[in-house]
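Structure file run-v2.txt with compact mmCIF, C-alpha atoms:
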# COMPACT_ATOMS: atom_id res chain seq x y z
CA MET P 1 -27.18 -4.93 -7.37
CA LYS P 2 -26.00 -3.64 -10.75
CA ILE P 3 -23.52 -0.75 -10.87
CA ASP P 4 -23.11 1.62 -13.81
CA LYS P 5 -19.89 0.81 -15.77
CA ALA P 6 -18.44 4.31 -15.30
CA LEU P 7 -19.15 4.15 -11.57
CA GLU P 8 -17.62 0.67 -11.37
CA ASP P 9 -14.46 1.95 -13.09
CA HIS P 10 -14.37 4.88 -10.65
CA PHE P 11 -14.58 2.59 -7.61
CA GLU P 12 -11.92 0.30 -9.06
CA GLU P 13 -9.58 3.25 -9.61
CA ILE P 14 -10.10 4.43 -6.02
CA GLY P 15 -9.33 0.93 -4.77
CA ASN P 16 -6.19 0.57 -6.85
CA ASP P 17 -4.96 3.95 -5.68
CA HIS P 18 -5.59 3.02 -2.02
CA ALA P 19 -7.53 6.20 -1.34
CA SER P 20 -8.65 6.69 2.24
CA SER P 21 -11.87 8.52 3.04
CA ALA P 22 -11.33 9.37 6.73
CA ALA P 23 -9.39 8.58 9.90
CA GLU P 24 -12.39 6.63 11.21
CA THR P 25 -13.31 3.20 9.88
CA PRO P 26 -16.58 3.64 7.92
CA LEU P 27 -19.27 1.84 9.89
CA ARG P 28 -23.06 1.98 9.79
CA ALA P 29 -24.97 3.08 12.89
CA ASP P 30 -26.44 -0.42 13.22
CA ALA P 31 -23.12 -2.21 12.76
CA PHE P 32 -23.35 -4.07 16.08
CA ASP P 33 -27.08 -4.66 16.38
CA MET P 34 -26.60 -8.21 15.15
CA ALA P 35 -24.90 -10.74 17.46
CA ASP P 36 -21.71 -12.46 16.29
CA ASP P 37 -23.37 -15.86 15.89
CA GLU P 38 -26.07 -14.32 13.70
CA LYS P 39 -23.46 -12.56 11.59
CA ILE P 40 -21.64 -15.86 11.11
CA GLU P 41 -24.85 -17.49 9.87
CA HIS P 42 -25.47 -14.69 7.35
CA ILE P 43 -21.88 -14.61 6.09
CA GLU P 44 -21.75 -18.41 5.79
CA ALA P 45 -24.75 -18.33 3.45
CA GLN P 46 -23.20 -15.59 1.31
CA VAL P 47 -19.82 -17.35 1.05
CA TYR P 48 -21.66 -20.53 0.07
CA ASN P 49 -23.41 -18.60 -2.73
CA ILE P 50 -20.12 -17.11 -3.96
CA MET P 51 -18.39 -20.48 -4.09
CA GLU P 52 -21.38 -22.12 -5.75
CA THR P 53 -21.50 -19.33 -8.34
CA LEU P 54 -17.82 -19.96 -9.09
CA GLY P 55 -18.76 -23.55 -9.94
CA LEU P 56 -17.19 -25.28 -6.95
CA ASP P 57 -18.61 -28.59 -5.74
CA LEU P 58 -19.55 -27.85 -2.14
CA THR P 59 -20.39 -31.48 -1.49
CA ASP P 60 -16.68 -32.28 -1.70
CA ASP P 61 -15.14 -33.08 1.71
CA SER P 62 -12.45 -30.43 1.28
CA LEU P 63 -14.93 -27.63 0.51
CA ARG P 64 -17.99 -28.56 2.56
CA GLY P 65 -16.88 -26.69 5.67
CA THR P 66 -15.29 -23.71 3.94
CA PRO P 67 -18.25 -21.27 4.09
CA ARG P 68 -18.54 -21.78 7.85
CA ARG P 69 -14.79 -21.50 8.39
CA VAL P 70 -14.60 -18.28 6.40
CA ALA P 71 -17.57 -16.76 8.23
CA LYS P 72 -16.09 -17.55 11.65
CA MET P 73 -12.71 -16.21 10.55
CA PHE P 74 -14.25 -12.93 9.39
CA VAL P 75 -16.21 -12.32 12.59
CA LYS P 76 -13.96 -13.84 15.25
CA GLU P 77 -10.49 -13.26 13.82
CA ILE P 78 -9.44 -11.04 10.94
CA PHE P 79 -12.26 -8.47 11.38
CA ALA P 80 -12.63 -8.80 15.15
CA GLY P 81 -11.19 -5.30 15.61
CA LEU P 82 -14.35 -3.72 14.22
CA HIS P 83 -16.20 -4.20 17.52
CA PRO P 84 -15.43 -1.50 20.12
CA ASP P 85 -15.94 -4.00 22.95
CA ARG P 86 -12.75 -5.73 21.80
CA LYS P 87 -10.60 -2.63 22.19
CA PRO P 88 -7.71 -3.58 24.51
CA LYS P 89 -7.78 -2.11 27.99
CA ALA P 90 -4.61 -0.05 28.05
CA SER P 91 -3.83 0.51 31.72
CA THR P 92 -1.39 3.33 32.40
CA PHE P 93 1.07 3.86 35.23
CA SER P 94 2.88 6.78 36.78
CA ASN P 95 6.35 7.36 35.36
CA LYS P 96 7.93 7.00 38.82
CA TYR P 97 11.44 6.48 37.45
CA LYS P 98 11.25 9.85 35.66
CA TYR P 99 12.34 8.42 32.31
CA GLY P 100 12.27 11.46 30.04
CA GLU P 101 13.54 10.14 26.72
CA MET P 102 11.48 8.55 23.99
CA LEU P 103 10.41 4.93 24.34
CA VAL P 104 10.43 2.98 21.10
CA GLU P 105 8.85 -0.38 20.38
CA LYS P 106 9.68 -1.56 16.90
CA ASN P 107 9.01 -4.52 14.63
CA ILE P 108 5.46 -5.07 15.88
CA THR P 109 3.86 -7.60 13.54
CA VAL P 110 0.98 -6.26 11.45
CA TYR P 111 -1.58 -8.59 9.89
CA SER P 112 -4.43 -6.64 8.33
CA THR P 113 -6.79 -6.75 5.34
CA CYS P 114 -7.03 -4.26 2.49
CA GLU P 115 -10.58 -2.93 2.42
CA HIS P 116 -10.57 -2.57 -1.38
CA HIS P 117 -9.91 -6.19 -2.34
CA LEU P 118 -10.04 -8.03 1.02
CA LEU P 119 -6.49 -9.29 0.56
CA PRO P 120 -3.83 -9.35 3.30
CA ILE P 121 -1.62 -6.49 4.41
CA VAL P 122 1.47 -7.88 6.17
CA GLY P 123 4.27 -5.86 7.72
CA ARG P 124 5.79 -4.18 10.76
CA ALA P 125 4.80 -1.23 12.91
CA HIS P 126 7.23 0.93 14.89
CA ILE P 127 5.87 3.09 17.71
CA ALA P 128 7.42 5.73 19.97
CA TYR P 129 6.20 8.08 22.65
CA ILE P 130 7.66 10.57 25.11
CA SER P 131 6.07 10.34 28.55
CA ASN P 132 4.55 13.41 30.14
CA GLY P 133 4.23 11.55 33.43
CA THR P 134 2.34 8.46 32.27
CA VAL P 135 3.56 5.18 30.77
CA VAL P 136 1.74 2.21 29.27
CA GLY P 137 2.63 -1.50 29.36
CA LEU P 138 4.73 -2.55 26.37
CA SER P 139 2.40 -5.36 25.31
CA LYS P 140 -0.50 -2.90 25.19
CA MET P 141 1.13 -1.16 22.23
CA ASN P 142 1.21 -4.48 20.38
CA ARG P 143 -2.43 -5.06 21.27
CA ILE P 144 -3.48 -1.61 20.05
CA VAL P 145 -1.79 -2.24 16.69
CA ASP P 146 -3.44 -5.66 16.47
CA TYR P 147 -6.87 -4.22 17.32
CA PHE P 148 -6.82 -1.64 14.55
CA ALA P 149 -5.25 -4.11 12.11
CA LYS P 150 -8.11 -6.59 12.59
CA ARG P 151 -10.56 -4.81 10.33
CA PRO P 152 -10.81 -3.92 6.64
CA GLN P 153 -8.14 -1.23 6.45
CA VAL P 154 -6.24 1.39 4.54
CA GLN P 155 -2.68 1.65 5.82
CA GLU P 156 -2.77 5.43 6.15
CA ARG P 157 -5.87 5.24 8.34
CA MET P 158 -4.46 2.43 10.47
CA THR P 159 -1.30 4.46 11.17
CA MET P 160 -3.36 7.45 12.25
CA GLN P 161 -5.68 5.34 14.41
CA VAL P 162 -2.77 3.79 16.32
CA VAL P 163 -1.28 7.21 17.07
CA GLN P 164 -4.61 8.77 18.06
CA GLU P 165 -5.43 5.87 20.40
CA LEU P 166 -2.06 6.06 22.15
CA GLN P 167 -2.37 9.84 22.44
CA ASN P 168 -5.70 9.36 24.20
CA VAL P 169 -4.34 6.60 26.46
CA LEU P 170 -1.17 8.46 27.43
CA GLY P 171 -2.63 11.96 27.57
CA THR P 172 0.07 13.38 25.31
CA LYS P 173 0.46 14.37 21.66
CA ASP P 174 4.05 13.09 21.68
CA VAL P 175 3.41 9.81 19.85
CA ALA P 176 4.73 8.53 16.53
CA CYS P 177 4.11 5.50 14.35
CA VAL P 178 5.69 4.16 11.15
CA ILE P 179 4.26 1.14 9.34
CA ASP P 180 6.07 -0.71 6.54
CA ALA P 181 3.88 -3.35 4.91
CA LYS P 182 3.29 -5.40 1.81
CA HIS P 183 -0.17 -5.31 0.22
CA LEU P 184 -1.14 -8.52 -1.51
CA CYS P 185 -3.60 -6.58 -3.67
CA VAL P 186 -0.43 -5.10 -5.24
CA ASN P 187 1.85 -8.12 -4.85
CA SER P 188 -0.50 -10.91 -6.02
CA ARG P 189 -2.91 -9.19 -8.45
CA GLY P 190 -3.01 -6.14 -10.71
CA ILE P 191 0.59 -5.03 -11.23
CA ARG P 192 1.86 -8.11 -9.32
CA ASP P 193 4.93 -6.36 -7.97
CA ILE P 194 6.15 -8.76 -5.30
CA GLU P 195 9.04 -6.56 -4.14
CA SER P 196 7.28 -3.29 -3.30
CA SER P 197 6.10 -2.30 0.16
CA THR P 198 4.24 0.72 1.49
CA VAL P 199 5.53 2.99 4.27
CA THR P 200 3.22 5.33 6.18
CA SER P 201 3.91 7.55 9.16
CA GLU P 202 2.13 9.77 11.65
CA PHE P 203 4.06 12.14 13.92
CA GLY P 204 2.45 13.99 16.79
CA GLY P 205 3.66 16.69 19.18
CA LYS P 206 7.44 16.73 19.67
CA PHE P 207 7.90 14.21 16.86
CA LYS P 208 7.10 16.97 14.38
CA ASP P 209 10.49 18.42 15.31
CA PRO P 210 12.96 17.16 12.63
CA ALA P 211 15.65 16.29 15.21
CA VAL P 212 13.26 14.24 17.38
CA ARG P 213 11.82 12.56 14.31
CA ARG P 214 15.33 11.68 13.08
CA GLU P 215 16.19 10.14 16.48
CA PHE P 216 13.10 7.92 16.24
CA LEU P 217 13.91 6.86 12.68
CA ASP P 218 17.50 6.08 13.70
CA TYR P 219 16.24 3.82 16.48
CA ILE P 220 14.12 1.92 13.94
CA LYS P 221 17.25 1.22 11.88
CA LEU P 222 19.21 -0.24 14.83
CA ASP P 223 20.01 -3.94 14.52
CA THR P 224 18.36 -5.49 17.57
CA GLN P 225 18.08 -9.09 16.37
CA PHE P 226 19.22 -11.57 19.04
What do you get writing this file as structure tokens?
Amino acid sequence: MKIDKALEDHFEEIGNDHASSAAETPLRADAFDMADDEKIEHIEAQVYNIMETLGLDLTDDSLRGTPRRVAKMFVKEIFAGLHPDRKPKASTFSNKYKYGEMLVEKNITVYSTCEHHLLPIVGRAHIAYISNGTVVGLSKMNRIVDYFAKRPQVQERMTMQVVQELQNVLGTKDVACVIDAKHLCVNSRGIRDIESSTVTSEFGGKFKDPAVRREFLDYIKLDTQF
């Protein structure tokens, strides 16, 4: 499919500026009509065509299995979070011990993929919530971050999605998330600035209060390395 040069430049500018279109990942209505195995077959063929077009010798032992490996990785691993059936079951429990302060889980590893260049986003997420009578298992917060990270992403959207999901799970607006990540589309191409990182945040409910927000940010700065 050919794209008009002006339109191509427009799309490239949007991608370089990391513009986000909405809080929801853009998906077609028929996104999950095709089974995973069928998707892998289709993607394998397309990756083969890309590599062949680049002039690579796909009869070489090192390259022969690459199209299949890439296809399986896309469907089963790095984009596995696209499928709603893979959303983690976040069981909640009654806050029987009446803990009323914020709970913070920080330094959650983020591995995602920039949707503009399909290059890695690598960083850390920090999450906090204040219970209104319900708590969630600590590992479930890691799993929620991982679920939304495993799809083509924009960091702003991912931050919002994590907060919105935890708000739904916990039945409270009092949730916050900060993500600090490096984008290889910035670090390894284009400007090639290997030092820069991107910080995004989403504050809900009580976290919009400057004092509560400051407490959360101070917790993030605590040295908890053991």
*d(atom CA of Ser201 of chain P, atom CA of Leu118 of chain P) in Å*: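 Answer for the atom CA of Ser201 of chain P to atom CA of Leu118 of chain P separation: 22.4 Å.
Atom CA of Ile179 of chain P sits 15.7 Å away from atom CA of Arg214 of chain P.
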_Shell of 12 Å around Met158 of chain P, all atoms listed in the file, local chain residues under 4 positions omitted, as a PyMOL selection string_ = chain P and resi 20+22-25+81+110-115+121+125+144-154+162-165+177-181+199-202
*Nearest to Phe74 of chain P by atom-to-atom distance, counting all atoms listed in the file, from P:Ile108, P:Ile43, P:Lys208, P:Gly55*: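 For Phe74 of chain P, the nearest of the given residues is P:Ile43.
Nearest to Gly137 of chain P of all the residues P:Asp30, P:Glu105, P:Asp193, P:Glu156 is P:Glu105, counting only C-alpha atoms.
Interatomic distance, atom CA of Thr109 of chain P against atom CA of Arg69 of chain P: 23.8 Å.
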Taking all atoms listed in the file into account, produce a table as a tab-separated table in which each residue of segment 57-154 of chain P with an atom at most 9 Å from an atom of segment 35-39 of chain P appears once, together with its shortest atom pair and the distance in Å to one decimal, ordered by chain and rising number.
residue	atom	partner	partner_atom	distance
P:Ala71	CA	P:Lys39	CA	8.0
P:Lys72	CA	P:Asp37	CA	8.6
P:Val75	CA	P:Asp36	CA	6.6
P:Lys76	CA	P:Asp36	CA	7.9
*Name the closest residue to Ala128 of chain P among the candidates P:Asp218, P:Glu52, P:Asp61, P:Glu195; distances are taken between atoms, counting all atoms listed in the file.*
P:Asp218
*Give me the residues within 8 Å of segment 86-96 of chain P as a PyMOL selection string, counting all atoms listed in the file and dropping any in the same chain fewer than 6 places off.*
chain P and resi 80+131+133-137+140+143-144+147+169-170
*Between P:Val186, P:Met34, P:Ile130, P:Leu119, which has the minimum distance to Gly204 of chain P (counting only C-alpha atoms)?*
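Selected residue with least distance to Gly204 of chain P: P:Ile130.
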*Identify which of the residues P:Ala176, P:Asn187, P:Ile127, P:Ala45 lies closest to Arg213 of chain P, counting only C-alpha atoms when measuring atom-to-atom distances.*
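Ranked by minimum distance to Arg213 of chain P, first place goes to P:Ala176.
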Residue neighbourhood Phe32 of chain P, 10 Å, only C-alpha atoms, exclusion window fewer than 5 positions, as a PDB file with C-alpha atoms, keeping the file's coordinate frame:
ATOM      1  CA  LEU P  27     -19.270   1.840   9.890  1.00  0.00           C
ATOM      2  CA  LYS P  39     -23.460 -12.560  11.590  1.00  0.00           C
ATOM      3  CA  LEU P  82     -14.350  -3.720  14.220  1.00  0.00           C
ATOM      4  CA  HIS P  83     -16.200  -4.200  17.520  1.00  0.00           C
ATOM      5  CA  PRO P  84     -15.430  -1.500  20.120  1.00  0.00           C
TER       6      PRO P  84
END
Is it possible to dump segment 90-165 of chain P as a short mmCIF file (atom, residue, chain, number, x, y, z; two decimals), in the first residue's frame, including just C-alpha atoms?
data_model
loop_
_atom_site.label_atom_id
_atom_site.label_comp_id
_atom_site.auth_asym_id
_atom_site.auth_seq_id
_atom_site.Cartn_x
_atom_site.Cartn_y
_atom_site.Cartn_z
CA ALA P 90 -7.08 -9.82 40.52
CA SER P 91 -8.76 -11.31 43.57
CA THR P 92 -9.50 -8.83 46.33
CA PHE P 93 -9.77 -9.29 50.08
CA SER P 94 -11.36 -7.45 52.96
CA ASN P 95 -9.02 -5.03 54.72
CA LYS P 96 -9.53 -6.82 58.06
CA TYR P 97 -6.47 -5.24 59.67
CA LYS P 98 -7.91 -1.76 59.00
CA TYR P 99 -4.72 -0.48 57.38
CA GLY P 100 -5.64 3.07 56.42
CA GLU P 101 -2.44 4.48 54.97
CA MET P 102 -1.29 4.23 51.38
CA LEU P 103 0.27 1.02 50.14
CA VAL P 104 3.12 1.50 47.71
CA GLU P 105 4.73 -1.08 45.44
CA LYS P 106 7.66 0.37 43.59
CA ASN P 107 10.30 -0.69 41.08
CA ILE P 108 7.97 -3.00 39.16
CA THR P 109 9.80 -4.02 36.00
CA VAL P 110 8.26 -2.76 32.76
CA TYR P 111 9.03 -4.39 29.42
CA SER P 112 6.85 -2.99 26.66
CA THR P 113 6.99 -2.08 22.97
CA CYS P 114 6.60 1.35 21.40
CA GLU P 115 3.69 1.20 18.98
CA HIS P 116 5.30 3.71 16.60
CA HIS P 117 8.51 1.83 15.80
CA LEU P 118 8.00 -1.55 17.53
CA LEU P 119 11.12 -1.03 19.63
CA PRO P 120 11.40 -1.82 23.36
CA ILE P 121 10.30 0.36 26.24
CA VAL P 122 12.15 -0.67 29.41
CA GLY P 123 11.73 0.83 32.86
CA ARG P 124 10.06 0.78 36.25
CA ALA P 125 6.52 1.36 37.47
CA HIS P 126 5.58 2.58 40.94
CA ILE P 127 2.01 2.07 42.16
CA ALA P 128 0.12 3.19 45.26
CA TYR P 129 -3.43 2.94 46.53
CA ILE P 130 -5.38 3.80 49.65
CA SER P 131 -7.82 1.07 50.66
CA ASN P 132 -11.48 1.90 51.13
CA GLY P 133 -12.05 -1.52 52.68
CA THR P 134 -10.59 -3.74 49.95
CA VAL P 135 -7.01 -4.86 49.28
CA VAL P 136 -5.42 -6.77 46.41
CA GLY P 137 -2.53 -9.26 46.45
CA LEU P 138 0.83 -7.58 45.87
CA SER P 139 1.80 -9.79 42.94
CA LYS P 140 -1.44 -8.87 41.17
CA MET P 141 -0.19 -5.30 40.79
CA ASN P 142 2.92 -6.63 39.03
CA ARG P 143 0.73 -8.79 36.81
CA ILE P 144 -1.53 -5.88 35.88
CA VAL P 145 1.49 -3.80 34.85
CA ASP P 146 2.85 -6.74 32.84
CA TYR P 147 -0.50 -7.31 31.13
CA PHE P 148 -0.81 -3.76 29.85
CA ALA P 149 2.90 -3.62 28.98
CA LYS P 150 2.60 -6.68 26.71
CA ARG P 151 1.10 -4.84 23.76
CA PRO P 152 2.16 -2.10 21.36
CA GLN P 153 2.06 0.88 23.71
CA VAL P 154 2.39 4.57 24.37
CA GLN P 155 3.70 5.18 27.87
CA GLU P 156 1.03 7.74 28.72
CA ARG P 157 -1.72 5.28 27.81
CA MET P 158 -0.11 2.42 29.71
CA THR P 159 0.09 4.56 32.87
CA MET P 160 -3.59 5.43 32.61
CA GLN P 161 -4.61 1.84 31.90
CA VAL P 162 -2.82 0.53 35.00
CA VAL P 163 -4.54 3.11 37.22
CA GLN P 164 -7.99 2.56 35.68
CA GLU P 165 -7.71 -1.22 36.06
#
